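Okay, final.cif is below, mmCIF, C-alpha atoms and all ligand atoms:
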data_input
#
loop_
_atom_site.label_atom_id
_atom_site.label_comp_id
_atom_site.auth_asym_id
_atom_site.auth_seq_id
_atom_site.Cartn_x
_atom_site.Cartn_y
_atom_site.Cartn_z
CA MET B 19 -11.55 296.36 80.40
CA ARG B 20 -7.82 295.75 80.96
CA LYS B 21 -5.53 298.75 80.55
CA PRO B 22 -3.09 298.21 77.66
CA LEU B 23 0.50 297.71 78.80
CA ILE B 24 3.50 298.61 76.65
CA VAL B 25 6.88 297.46 77.94
CA GLY B 26 10.21 298.41 76.38
CA ASN B 27 12.90 295.84 77.12
CA TRP B 28 16.21 297.51 76.34
CA LYS B 29 18.16 294.29 77.00
CA MET B 30 21.96 294.76 77.27
CA ASN B 31 21.96 298.12 75.49
CA ASN B 32 22.54 301.78 76.39
CA SER B 33 25.09 303.49 78.59
CA VAL B 34 23.81 305.78 81.35
CA ALA B 35 24.07 308.80 79.03
CA GLU B 36 22.27 306.97 76.19
CA SER B 37 19.54 305.79 78.56
CA VAL B 38 18.96 309.29 79.89
CA SER B 39 18.81 310.75 76.41
CA LEU B 40 16.38 308.05 75.17
CA VAL B 41 14.00 308.39 78.06
CA ASP B 42 14.22 312.18 78.01
CA LYS B 43 13.00 312.15 74.43
CA LEU B 44 10.38 309.52 75.16
CA LYS B 45 9.01 311.51 78.07
CA VAL B 46 8.35 314.51 75.84
CA LEU B 47 6.92 312.49 72.95
CA ALA B 48 4.57 310.47 75.18
CA LYS B 49 3.51 313.18 77.60
CA ASP B 50 -0.08 313.44 76.36
CA VAL B 51 -0.63 309.65 76.27
CA ALA B 52 -3.40 308.51 78.60
CA GLY B 53 -5.19 305.23 79.13
CA VAL B 54 -2.08 303.17 78.37
CA GLU B 55 0.55 302.02 80.87
CA ILE B 56 4.10 302.63 79.67
CA VAL B 57 7.09 300.82 81.19
CA VAL B 58 10.78 300.93 80.28
CA ALA B 59 13.20 298.25 81.44
CA PRO B 60 16.77 299.60 81.15
CA PRO B 61 19.87 297.62 82.13
CA PHE B 62 20.55 297.62 85.91
CA THR B 63 23.33 300.20 85.54
CA ALA B 64 20.91 302.79 84.13
CA LEU B 65 17.92 302.22 86.45
CA PHE B 66 18.86 304.96 88.88
CA SER B 67 19.40 307.71 86.32
CA THR B 68 16.38 306.66 84.28
CA ARG B 69 14.24 306.81 87.39
CA ASP B 70 15.26 310.43 87.96
CA VAL B 71 14.34 311.42 84.41
CA ILE B 72 10.88 309.79 84.45
CA LYS B 73 9.91 311.09 87.88
CA GLY B 74 6.47 312.75 87.63
CA SER B 75 5.88 311.47 84.07
CA ASN B 76 3.55 308.76 82.76
CA ILE B 77 6.46 306.33 82.28
CA LYS B 78 7.14 303.58 84.82
CA LEU B 79 10.30 301.65 85.59
CA GLY B 80 10.93 297.94 85.20
CA ALA B 81 13.90 295.61 85.69
CA GLN B 82 14.89 292.88 83.23
CA ASN B 83 15.64 290.24 85.84
CA ILE B 84 16.14 289.61 89.57
CA PHE B 85 17.57 286.97 91.88
CA TRP B 86 15.02 285.27 94.12
CA GLU B 87 16.58 285.91 97.55
CA ASP B 88 16.18 289.26 99.28
CA ARG B 89 19.79 289.52 100.49
CA GLY B 90 22.91 287.48 101.20
CA ALA B 91 26.09 286.06 99.76
CA TYR B 92 25.10 285.84 96.09
CA THR B 93 27.94 287.59 94.29
CA GLY B 94 26.84 289.48 91.22
CA GLU B 95 23.10 289.20 91.81
CA ILE B 96 20.46 291.88 92.32
CA SER B 97 17.58 291.25 94.71
CA PRO B 98 13.91 292.21 94.42
CA LEU B 99 14.35 294.41 97.52
CA MET B 100 17.02 296.41 95.68
CA ILE B 101 14.84 296.66 92.61
CA ALA B 102 11.90 297.93 94.66
CA ASP B 103 14.20 300.34 96.49
CA ILE B 104 15.39 301.90 93.24
CA GLY B 105 11.81 302.61 92.20
CA CYS B 106 10.91 299.73 89.89
CA GLU B 107 7.30 298.65 89.69
CA TYR B 108 7.75 295.81 87.19
CA VAL B 109 10.20 292.93 86.67
CA ILE B 110 10.51 290.80 83.53
CA ILE B 111 10.88 287.15 84.54
CA GLY B 112 11.81 284.14 82.45
CA HIS B 113 12.61 285.90 79.19
CA SER B 114 13.57 283.29 76.59
CA GLU B 115 17.09 284.73 76.39
CA ARG B 116 17.51 284.02 80.10
CA ARG B 117 15.99 280.56 79.71
CA GLU B 118 18.33 279.79 76.82
CA TYR B 119 21.65 281.49 77.66
CA PHE B 120 21.49 281.30 81.45
CA LYS B 121 19.67 278.00 81.71
CA GLU B 122 16.77 279.39 83.72
CA SER B 123 14.39 276.52 84.31
CA ASP B 124 10.68 276.76 85.06
CA GLU B 125 11.59 276.06 88.71
CA ILE B 126 13.87 279.11 88.77
CA VAL B 127 11.18 281.18 87.06
CA ASN B 128 8.75 280.07 89.77
CA LYS B 129 11.14 281.13 92.58
CA LYS B 130 11.62 284.51 90.92
CA ILE B 131 7.87 285.02 90.46
CA LYS B 132 7.31 284.23 94.13
CA SER B 133 9.99 286.66 95.28
CA THR B 134 8.68 289.38 92.97
CA ILE B 135 5.22 289.00 94.44
CA ARG B 136 6.49 288.83 98.01
CA ASN B 137 8.20 292.16 97.43
CA LYS B 138 5.04 293.74 96.01
CA LEU B 139 6.49 294.17 92.54
CA LYS B 140 4.64 293.23 89.36
CA ALA B 141 5.95 290.26 87.38
CA VAL B 142 5.90 290.05 83.60
CA MET B 143 6.30 286.30 83.18
CA CYS B 144 7.46 285.34 79.68
CA VAL B 145 6.39 282.11 78.01
CA GLY B 146 6.87 280.97 74.44
CA GLU B 147 7.65 278.05 72.17
CA SER B 148 10.70 277.47 69.97
CA LEU B 149 10.41 277.09 66.21
CA LYS B 150 10.91 273.33 66.60
CA ASP B 151 8.08 273.15 69.15
CA ARG B 152 5.76 275.01 66.78
CA GLU B 153 6.72 272.94 63.75
CA GLU B 154 6.18 269.73 65.69
CA GLY B 155 2.75 270.88 66.92
CA ARG B 156 3.75 271.24 70.57
CA THR B 157 3.06 274.97 71.06
CA MET B 158 0.13 274.67 73.48
CA GLN B 159 1.81 271.85 75.40
CA VAL B 160 4.95 273.96 75.94
CA ILE B 161 2.91 277.01 76.98
CA GLU B 162 0.86 274.94 79.39
CA SER B 163 3.92 273.45 81.03
CA GLN B 164 5.65 276.86 81.40
CA MET B 165 2.46 278.40 82.83
CA ARG B 166 1.74 275.61 85.33
CA LYS B 167 5.33 275.28 86.55
CA GLY B 168 5.97 279.04 86.60
CA LEU B 169 2.85 279.72 88.68
CA GLU B 170 3.00 276.67 90.91
CA GLY B 171 2.11 277.35 94.53
CA ILE B 172 0.88 280.89 93.85
CA SER B 173 -2.64 281.85 94.78
CA ASN B 174 -4.92 284.55 93.52
CA SER B 175 -5.02 286.31 96.89
CA GLU B 176 -1.23 286.78 96.94
CA LEU B 177 -1.33 288.65 93.67
CA GLN B 178 -2.81 291.94 94.89
CA THR B 179 -0.62 294.90 95.84
CA PRO B 180 -1.75 296.92 98.90
CA ASN B 181 -3.45 299.37 96.53
CA SER B 182 -5.36 296.55 94.85
CA GLU B 183 -3.34 296.36 91.68
CA PHE B 184 -2.80 292.94 90.18
CA GLN B 185 0.80 291.76 90.21
CA LEU B 186 0.87 289.36 87.30
CA VAL B 187 1.29 289.95 83.58
CA ILE B 188 1.95 287.16 81.09
CA ALA B 189 4.02 287.90 77.99
CA TYR B 190 3.60 285.47 75.13
CA GLU B 191 6.84 285.60 73.18
CA PRO B 192 7.35 282.92 70.55
CA VAL B 193 11.12 282.37 70.59
CA TRP B 194 11.26 282.25 66.79
CA ALA B 195 9.83 285.78 66.60
CA ILE B 196 12.25 287.49 68.99
CA GLY B 197 14.72 289.75 67.21
CA THR B 198 14.15 287.95 63.92
CA GLY B 199 11.88 290.46 62.22
CA ARG B 200 9.34 287.66 61.88
CA ASN B 201 6.36 288.36 64.13
CA ALA B 202 3.57 285.91 64.90
CA THR B 203 0.47 286.64 62.84
CA GLN B 204 -2.52 288.14 64.58
CA SER B 205 -4.30 284.83 64.62
CA GLN B 206 -1.27 282.78 65.75
CA ALA B 207 -0.80 285.17 68.68
CA ASN B 208 -4.48 285.38 69.49
CA ASP B 209 -4.91 281.58 69.60
CA VAL B 210 -2.14 281.31 72.19
CA HIS B 211 -3.49 284.28 74.18
CA ILE B 212 -6.91 282.63 74.38
CA TYR B 213 -5.26 279.46 75.60
CA ILE B 214 -3.21 281.36 78.20
CA ARG B 215 -6.39 282.96 79.56
CA LYS B 216 -8.01 279.53 79.79
CA LEU B 217 -4.97 278.29 81.74
CA LEU B 218 -5.13 281.32 84.06
CA LEU B 219 -8.71 280.37 84.84
CA GLN B 220 -7.68 276.80 85.67
CA ILE B 221 -4.56 277.73 87.64
CA LEU B 222 -5.59 280.92 89.45
CA GLY B 223 -9.35 281.18 89.06
CA GLU B 224 -11.89 283.54 87.59
CA TYR B 225 -10.68 286.85 88.99
CA ALA B 226 -7.08 286.38 87.86
CA ALA B 227 -8.24 285.23 84.45
CA SER B 228 -10.24 288.41 84.01
CA VAL B 229 -7.65 290.95 85.20
CA THR B 230 -4.27 289.49 84.17
CA ARG B 231 -2.93 291.24 81.12
CA VAL B 232 -1.57 288.92 78.44
CA ILE B 233 0.80 290.84 76.19
CA TYR B 234 2.60 289.80 72.99
CA GLY B 235 6.31 290.12 72.21
CA GLY B 236 8.48 289.23 69.23
CA SER B 237 9.42 291.65 66.44
CA VAL B 238 6.77 294.20 67.34
CA LYS B 239 7.25 297.40 65.36
CA PRO B 240 5.18 300.46 64.43
CA SER B 241 4.01 298.69 61.26
CA ASN B 242 2.43 295.69 63.01
CA SER B 243 1.56 296.87 66.51
CA ALA B 244 -1.93 298.26 65.79
CA GLU B 245 -2.94 295.08 64.00
CA LEU B 246 -1.70 292.88 66.86
CA MET B 247 -3.35 294.97 69.55
CA SER B 248 -6.66 295.08 67.70
CA GLU B 249 -7.16 291.50 68.90
CA LYS B 250 -9.36 291.41 71.98
CA GLU B 251 -7.03 289.04 73.83
CA ILE B 252 -3.82 291.00 73.16
CA ASP B 253 -3.55 293.46 76.05
CA GLY B 254 -0.33 295.14 75.03
CA VAL B 255 3.17 294.41 73.80
CA LEU B 256 6.69 293.69 75.03
CA ILE B 257 9.18 295.32 72.71
CA GLY B 258 12.91 294.78 72.33
CA GLY B 259 14.60 296.34 69.30
CA ALA B 260 11.95 298.95 68.49
CA SER B 261 11.98 300.29 72.06
CA LEU B 262 15.54 301.54 71.59
CA ASP B 263 14.28 304.29 69.32
CA ALA B 264 12.00 306.86 70.99
CA ASP B 265 10.04 307.61 67.80
CA SER B 266 9.29 303.95 67.06
CA PHE B 267 8.42 303.23 70.67
CA VAL B 268 6.00 306.16 70.82
CA GLN B 269 4.35 305.12 67.57
CA ILE B 270 3.72 301.70 69.11
CA ILE B 271 2.37 303.31 72.29
CA ARG B 272 0.02 305.46 70.21
CA SER B 273 -1.25 302.42 68.34
CA ALA B 274 -2.41 301.05 71.72
CA CYS B 275 -4.43 304.24 72.27
CA MET B 276 -6.35 303.63 69.05
CA VAL B 277 -7.66 300.16 69.88
P1 LIG W 301 12.20 292.09 69.77
O1 LIG W 301 12.36 291.49 71.24
O2 LIG W 301 11.09 293.12 69.84
O3 LIG W 301 13.52 292.72 69.45
O4 LIG W 301 11.85 290.95 68.88
C1 LIG W 301 11.25 291.22 72.03
C2 LIG W 301 11.67 290.69 73.37
O5 LIG W 301 12.68 289.99 73.45
O6 LIG W 301 11.02 290.97 74.38
#
Starting from the file, lay out its structure as structure tokens.
Amino acid sequence: MRKPLIVGNWKMNNSVAESVSLVDKLKVLAKDVAGVEIVVAPPFTALFSTRDVIKGSNIKLGAQNIFWEDRGAYTGEISPLMIADIGCEYVIIGHSERREYFKESDEIVNKKIKSTIRNKLKAVMCVGESLKDREEGRTMQVIESQMRKGLEGISNSELQTPNSEFQLVIAYEPVWAIGTGRNATQSQANDVHIYIRKLLLQILGEYAASVTRVIYGGSVKPSNSAELMSEKEIDGVLIGGASLDADSFVQIIRSACMV
């Protein structure tokens, strides 16, 4: 049984004060939640203060991106070492907004996954097809290519933290569903999740295929989260817009407790 994972991706939103106030509220609302892993991914500028607020709570910290080198002359970048140092456990890699606006290729995603793993952080690797891909029947082909290239050269044995936790999570996020209010249906999402698990088996082997959580993202809200997570292959959700409101985020977290 894989523990459900709920990740709130705040994207480029919230000042330090707004971040502290959001997570303060969230901490109180979610304090009795058990059996579900909760992660918030604030912007870099709010990681430090958010970390202080969630200390001792059931909420974990994630970053939205990293650079792949540990240190050096890379003006404007943030390394996995710095992210680990600030108390992050998770890093979102290859979000479609980064692939689209910052031209992150599968090769870059692969370098970032490797550096995340090397630094004993957990990677949430995002994959997903565009509307054009889906309409032209290329969804599985696109997912397969992103999975194989993103995980190239990574072996099952590298993916364990010293305390035996698995370091890889896959987020299936159809690009056409992100921020559009139009989520994938249960069965559309589930079909891709089944395929992703089959690919994990081929790429990383049996153990990874059984423990890697495959979560869904794209217009998840309190009204559709329970339905999505009732699918056996949907191990949690990655939430953008609805994670900016503590009440909505907690309702989604609670829907994971019911499945
Ligand atoms: P959304 O974003 O929930 O606002 O659609 C999801 C994501 O980008 O991870």
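In this comparison, which uses only C-alpha atoms, the residue of B:Gly258, B:Gly74, B:Gly26, B:Gly171 approaching B:Leu222 most closely is B:Gly171.
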- Could I get the residue neighbourhood of ligand LIG 301 (chain W) at 7 Å, counting all atoms listed in the file, as a ChimeraX atom specification? /B:27,191,195-199,235-238,256-260
- Message: Restricting the calculation to all atoms listed in the file: of B:Ala48, B:Leu218, B:Ala202, B:Ala81, which residue gets closest to B:Ser243?
- Response: B:Ala202
Can you write out as JSON lines which residues of stretch 38-126 of chain B fall within 7 Å of stretch 263-269 of chain B, alongside each residue's closest atom pair and its distance in Å to one decimal, counting all atoms listed in the file and ordering rows by chain and ascending residue number?
{"residue": "B:Leu40", "atom": "CA", "partner": "B:Ala264", "partner_atom": "CA", "distance": 6.2}
{"residue": "B:Lys43", "atom": "CA", "partner": "B:Ala264", "partner_atom": "CA", "distance": 6.4}
{"residue": "B:Leu44", "atom": "CA", "partner": "B:Ala264", "partner_atom": "CA", "distance": 5.2}
{"residue": "B:Leu47", "atom": "CA", "partner": "B:Val268", "partner_atom": "CA", "distance": 6.7}
{"residue": "B:Ala48", "atom": "CA", "partner": "B:Val268", "partner_atom": "CA", "distance": 6.3}
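Taking only C-alpha atoms into account, B:Ser163 lies nearest to B:Val145 out of the set B:Met276, B:Cys106, B:Val145, B:Val187.
Atom pair atom CA of B:Asp151 / atom CA of B:Glu251 has a distance of 22.4 Å (rounded to one decimal).
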- Which one of B:Leu99, B:Ser39, B:Leu23, B:Gly53 sits closest to B:Ile72 if you count only C-alpha atoms? B:Ser39
- Task: Please indicate the distance in Å from atom CA of B:Ser75 to atom CA of B:Ala274, rounded to one decimal place.
- Result: 18.2 Å
- Within 9 Å of B:Met247 using only C-alpha atoms, minus same-chain residues under 2 positions, as a list in words: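 The residues that qualify are Pro22, Gln204, Ile233, Tyr234, Asn242, Ser243, Ala244, Glu245, Glu249, Lys250, Glu251, Ile252, Asp253, Gly254, Val255, Ser273, Ala274 and Val277 of chain B.
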- Task: Pick out the closest residue to B:Leu139 from this set: B:Ile110, B:Val193, B:Met19, B:Val38. Count only C-alpha atoms.
- Result: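 Between B:Ile110, B:Val193, B:Met19, B:Val38, the residue approaching B:Leu139 most closely is B:Ile110.
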- Query: atom CA of B:Leu149 and atom CA of B:Glu118 are how many Å apart?
  - Reply: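 Computed distance, atom CA of B:Leu149 to atom CA of B:Glu118, equals 13.5 Å.
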- Nearest to B:Glu176, chosen from B:Tyr190, B:Arg152, B:Thr134, B:Ala102, with all atoms listed in the file counted in the distances: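 Smallest separation from B:Glu176 among the options: B:Thr134.
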Restrict the output to stretch 162-210 of chain B and C-alpha atoms, then write it as a PDB file, in the first residue's frame.
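Generated file (part33.pdb):
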ATOM      1  CA  GLU B 162       6.950   7.018 -22.720  1.00  0.00           C
ATOM      2  CA  SER B 163       9.560   9.307 -24.216  1.00  0.00           C
ATOM      3  CA  GLN B 164       9.509  11.692 -21.206  1.00  0.00           C
ATOM      4  CA  MET B 165       9.760   8.750 -18.789  1.00  0.00           C
ATOM      5  CA  ARG B 166      12.605   6.964 -20.595  1.00  0.00           C
ATOM      6  CA  LYS B 167      14.667  10.102 -21.204  1.00  0.00           C
ATOM      7  CA  GLY B 168      13.985  11.587 -17.766  1.00  0.00           C
ATOM      8  CA  LEU B 169      15.061   8.399 -15.982  1.00  0.00           C
ATOM      9  CA  GLU B 170      17.915   7.433 -18.270  1.00  0.00           C
ATOM     10  CA  GLY B 171      20.964   6.101 -16.454  1.00  0.00           C
ATOM     11  CA  ILE B 172      19.209   5.877 -13.084  1.00  0.00           C
ATOM     12  CA  SER B 173      19.041   2.564 -11.286  1.00  0.00           C
ATOM     13  CA  ASN B 174      16.695   1.245  -8.681  1.00  0.00           C
ATOM     14  CA  SER B 175      19.439   0.966  -6.071  1.00  0.00           C
ATOM     15  CA  GLU B 176      20.257   4.682  -6.283  1.00  0.00           C
ATOM     16  CA  LEU B 177      16.710   5.606  -5.418  1.00  0.00           C
ATOM     17  CA  GLN B 178      16.747   4.748  -1.701  1.00  0.00           C
ATOM     18  CA  THR B 179      17.457   7.366   0.960  1.00  0.00           C
ATOM     19  CA  PRO B 180      19.612   6.213   3.918  1.00  0.00           C
ATOM     20  CA  ASN B 181      16.401   5.585   5.878  1.00  0.00           C
ATOM     21  CA  SER B 182      15.038   3.395   3.089  1.00  0.00           C
ATOM     22  CA  GLU B 183      12.558   5.847   1.663  1.00  0.00           C
ATOM     23  CA  PHE B 184      12.066   5.821  -2.080  1.00  0.00           C
ATOM     24  CA  GLN B 185      13.204   8.983  -3.828  1.00  0.00           C
ATOM     25  CA  LEU B 186      11.043   9.007  -6.916  1.00  0.00           C
ATOM     26  CA  VAL B 187       7.487  10.204  -7.465  1.00  0.00           C
ATOM     27  CA  ILE B 188       5.945  10.626 -10.917  1.00  0.00           C
ATOM     28  CA  ALA B 189       3.329  13.326 -11.449  1.00  0.00           C
ATOM     29  CA  TYR B 190       1.099  12.859 -14.462  1.00  0.00           C
ATOM     30  CA  GLU B 191      -0.022  16.333 -15.461  1.00  0.00           C
ATOM     31  CA  PRO B 192      -1.760  16.662 -18.821  1.00  0.00           C
ATOM     32  CA  VAL B 193      -0.718  20.131 -20.003  1.00  0.00           C
ATOM     33  CA  TRP B 194      -4.244  20.908 -21.199  1.00  0.00           C
ATOM     34  CA  ALA B 195      -5.576  20.404 -17.667  1.00  0.00           C
ATOM     35  CA  ILE B 196      -3.164  22.695 -15.817  1.00  0.00           C
ATOM     36  CA  GLY B 197      -4.792  25.896 -14.629  1.00  0.00           C
ATOM     37  CA  THR B 198      -7.613  25.515 -17.136  1.00  0.00           C
ATOM     38  CA  GLY B 199     -10.332  24.229 -14.831  1.00  0.00           C
ATOM     39  CA  ARG B 200     -10.593  21.214 -17.117  1.00  0.00           C
ATOM     40  CA  ASN B 201      -9.318  18.124 -15.298  1.00  0.00           C
ATOM     41  CA  ALA B 202      -8.674  14.747 -16.889  1.00  0.00           C
ATOM     42  CA  THR B 203     -11.503  12.324 -16.219  1.00  0.00           C
ATOM     43  CA  GLN B 204     -10.905   9.503 -13.785  1.00  0.00           C
ATOM     44  CA  SER B 205     -10.509   7.019 -16.574  1.00  0.00           C
ATOM     45  CA  GLN B 206      -8.256   9.234 -18.735  1.00  0.00           C
ATOM     46  CA  ALA B 207      -5.945   9.732 -15.757  1.00  0.00           C
ATOM     47  CA  ASN B 208      -6.086   6.112 -14.672  1.00  0.00           C
ATOM     48  CA  ASP B 209      -5.191   4.795 -18.146  1.00  0.00           C
ATOM     49  CA  VAL B 210      -2.035   6.917 -18.176  1.00  0.00           C
TER      50      VAL B 210
END
